[in-house]
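Student: Below is the structure I would like to discuss, written out as structure tokens.
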Amino acid sequence: MKNKEIIKRIITSLFLISLLMLTFFYSYILLILLILISIISWIEFNSLIIKIFDKDKINVNFLRFLIKSLSLIYLTFFSVLIFEGITNNNIKTYTIFLFLICIFSDIGGLIFGKIFKGKKLTKISPNKTISGSIGSFILSLFLVPFFYFIFDNFYNPFFLIIFTTIISFVCQLGDLFISYLKRKAKVKDTGNLLPGHGGALDRIDGMLFAIPVGYLILSIFNI
């Protein structure tokens, strides 16, 4: 990655983190942001589907319509889930924890992958390595002691370790799934909205799956 791309990525990341922090204090910013991200992500996802499937066949056209409809429903569900999680004081801390796991998992994968390189994780995404995957787990686990001690015994530390590992794993699977679609569509990024990062879907691919799974686990344990 060239220096200019790294600078772009850092600037964009700082902007996104600042924007994310504002959403925890101003619900109207959160609402606007969720609507914009959902619409843009849906458009980017549809662009991938169009490139993947042959548009001339009737049965494929129906399949594309079905996928578009289901993806719109899922993105709406995801947005409502996030809005509820951030605006509800009872689960806001858990929502922050889920977001940070995804962010740290992404950063850990990038840093460890660049430093240690090594064997490729899968053919789906040639840039992803086993060392990067391990780094995703390691960096996300650094959040456990912080949330356990700073937030007044947030929860059982063993549960937090297992929970964080699962969320990081699902986050990586979400990233690989979108990477698979990009590979099938023969594109590098889902879009060019965010300099150094690609499209909106590139940024939330892991969160799309990890955060709902996180809420599901928390609900099962009545947390």
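Residues are named by chain letter and number: chains run A, B, ... in the order of the structure tokens, numbers start at 1 in each chain, and ligands are numbered from 1 in the order shown.
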I'd like the contact shell of segment 212-219 of chain A - 8 Å cut-off, only C-alpha atoms, skipping same-chain residues fewer than 3 positions apart - returned as a list of chain:residue names.

Tutor: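 That gives A:Phe78, A:Leu81, A:Leu98, A:Phe163, A:Ile167, A:Val170, A:Leu208, A:Phe209, A:Asn222, A:Ile223.
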
Student: Please dump the current selection as a PDB file, in the first residue's frame; keep N, CA and C atoms.

Tutor:
ATOM      1  N   PHE A  78     -31.069  -4.297  10.143  1.00  0.00           N
ATOM      2  CA  PHE A  78     -29.776  -3.963  10.743  1.00  0.00           C
ATOM      3  C   PHE A  78     -29.780  -2.520  11.257  1.00  0.00           C
ATOM      4  N   LEU A  81     -31.912  -2.167  14.353  1.00  0.00           N
ATOM      5  CA  LEU A  81     -31.202  -2.806  15.461  1.00  0.00           C
ATOM      6  C   LEU A  81     -30.139  -1.876  16.041  1.00  0.00           C
ATOM      7  N   LEU A  98     -19.641  -4.009  20.916  1.00  0.00           N
ATOM      8  CA  LEU A  98     -19.758  -4.727  19.649  1.00  0.00           C
ATOM      9  C   LEU A  98     -19.081  -3.970  18.512  1.00  0.00           C
ATOM     10  N   PHE A 163     -17.122 -14.441  24.024  1.00  0.00           N
ATOM     11  CA  PHE A 163     -18.008 -13.565  23.261  1.00  0.00           C
ATOM     12  C   PHE A 163     -17.220 -12.753  22.232  1.00  0.00           C
ATOM     13  N   ILE A 167     -17.474 -12.939  18.077  1.00  0.00           N
ATOM     14  CA  ILE A 167     -17.829 -11.747  17.293  1.00  0.00           C
ATOM     15  C   ILE A 167     -16.732 -11.421  16.286  1.00  0.00           C
ATOM     16  N   VAL A 170     -17.042 -13.979  13.436  1.00  0.00           N
ATOM     17  CA  VAL A 170     -18.170 -13.683  12.545  1.00  0.00           C
ATOM     18  C   VAL A 170     -17.870 -12.449  11.707  1.00  0.00           C
ATOM     19  N   LEU A 208     -22.204  -6.110   9.571  1.00  0.00           N
ATOM     20  CA  LEU A 208     -23.523  -6.538   9.114  1.00  0.00           C
ATOM     21  C   LEU A 208     -23.923  -7.888   9.692  1.00  0.00           C
ATOM     22  N   PHE A 209     -22.940  -8.731   9.922  1.00  0.00           N
ATOM     23  CA  PHE A 209     -23.221 -10.062  10.456  1.00  0.00           C
ATOM     24  C   PHE A 209     -22.875 -10.167  11.938  1.00  0.00           C
ATOM     25  N   ASN A 222     -29.857 -13.438  28.341  1.00  0.00           N
ATOM     26  CA  ASN A 222     -30.665 -12.460  29.088  1.00  0.00           C
ATOM     27  C   ASN A 222     -29.849 -11.316  29.658  1.00  0.00           C
ATOM     28  N   ILE A 223     -28.931 -10.806  28.822  1.00  0.00           N
ATOM     29  CA  ILE A 223     -28.071  -9.700  29.257  1.00  0.00           C
ATOM     30  C   ILE A 223     -28.669  -8.381  28.790  1.00  0.00           C
TER      31      ILE A 223
END

Student: Excluding Lys128 of chain A and residues on its chain fewer than 6 positions from it, collect all residues at most 10 Å away from it, counting only C-alpha atoms, and give them as a list in words.

Tutor: Gly109, Leu110, Gly113, Lys114, Lys117, Gly118, Lys119, Lys120, Leu121, Thr122 and Leu176 of chain A

Student: Deliver the residues from the most recent selection as a file, using N, CA and C atoms, as a short mmCIF file (atom, residue, chain, number, x, y, z; two decimals), in the first residue's frame.

Tutor:
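The result, stored in selection.cif:
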data_model
loop_
_atom_site.label_atom_id
_atom_site.label_comp_id
_atom_site.auth_asym_id
_atom_site.auth_seq_id
_atom_site.Cartn_x
_atom_site.Cartn_y
_atom_site.Cartn_z
N GLY A 109 -6.33 -7.24 11.91
CA GLY A 109 -6.07 -8.01 10.70
C GLY A 109 -5.16 -7.27 9.74
N LEU A 110 -5.38 -5.97 9.61
CA LEU A 110 -4.56 -5.14 8.71
C LEU A 110 -3.12 -5.04 9.20
N GLY A 113 -1.33 -8.53 9.43
CA GLY A 113 -1.15 -9.04 8.07
C GLY A 113 -0.02 -8.34 7.35
N LYS A 114 0.10 -7.02 7.55
CA LYS A 114 1.16 -6.25 6.90
C LYS A 114 2.54 -6.54 7.51
N LYS A 117 2.84 -10.93 7.48
CA LYS A 117 2.53 -11.55 6.17
C LYS A 117 2.29 -13.05 6.34
N GLY A 118 3.05 -13.89 5.64
CA GLY A 118 2.90 -15.34 5.80
C GLY A 118 1.88 -15.95 4.85
N LYS A 119 1.44 -17.15 5.23
CA LYS A 119 0.55 -17.95 4.39
C LYS A 119 -0.81 -17.28 4.21
N LYS A 120 -1.35 -17.39 3.01
CA LYS A 120 -2.66 -16.82 2.71
C LYS A 120 -3.75 -17.58 3.45
N LEU A 121 -4.77 -16.84 3.88
CA LEU A 121 -5.87 -17.45 4.63
C LEU A 121 -6.78 -18.25 3.72
N THR A 122 -7.10 -17.68 2.56
CA THR A 122 -8.01 -18.32 1.62
C THR A 122 -7.83 -17.72 0.23
N LEU A 176 -15.08 -11.83 4.54
CA LEU A 176 -14.76 -12.81 3.50
C LEU A 176 -15.94 -13.01 2.54
#

Student: Can you pull out the residues contacting Asn46 of chain A? Cut-off 12 Å, using only C-alpha atoms, and skip same-chain residues under 2 positions away; I want them as a ChimeraX atom specification.

Tutor: /A:39-44,48-53,63-72,181-182,185,190-191,201

Student: Excluding same-chain residues fewer than 4 positions from Ile29 of chain A, what lies within 12 Å of it counting only C-alpha atoms, as a ChimeraX atom specification?

Tutor: /A:18-25,33-37,83,86-87

Student: Assign secondary structure with DSSP using the backbone only, and return the residues of segment 13-199 of chain A in alpha helix (DSSP H) as a VMD selection string.

Tutor: chain A and resid 13 to 23 27 to 52 58 to 87 92 to 116 130 to 141 143 to 150 157 to 185

Student: To one decimal in Å, tell me the separation between atom CA of Tyr28 of chain A and atom CA of Ala200 of chain A.

Tutor: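 Computed distance, atom CA of Tyr28 of chain A to atom CA of Ala200 of chain A, equals 19.7 Å.
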
Student: Report, in Å to a single decimal, how far apart atom CA of Cys102 of chain A and atom CA of Phe142 of chain A are.

Tutor: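 Spanning atom CA of Phe142 of chain A to atom CA of Cys102 of chain A is a straight-line distance of 12.4 Å.
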
Student: Distance atom CA of Phe146 of chain A-atom CA of Asn88 of chain A, one decimal place?

Tutor: 21.7 Å

Student: Applying 6 Å and only C-alpha atoms, which residues near Phe104 of chain A remain after dropping the ones on its own chain fewer than 3 positions away? List them as a list in words.

Tutor: Leu100, Ile101, Ile107, Gly108, Leu139 and Ser140 of chain A
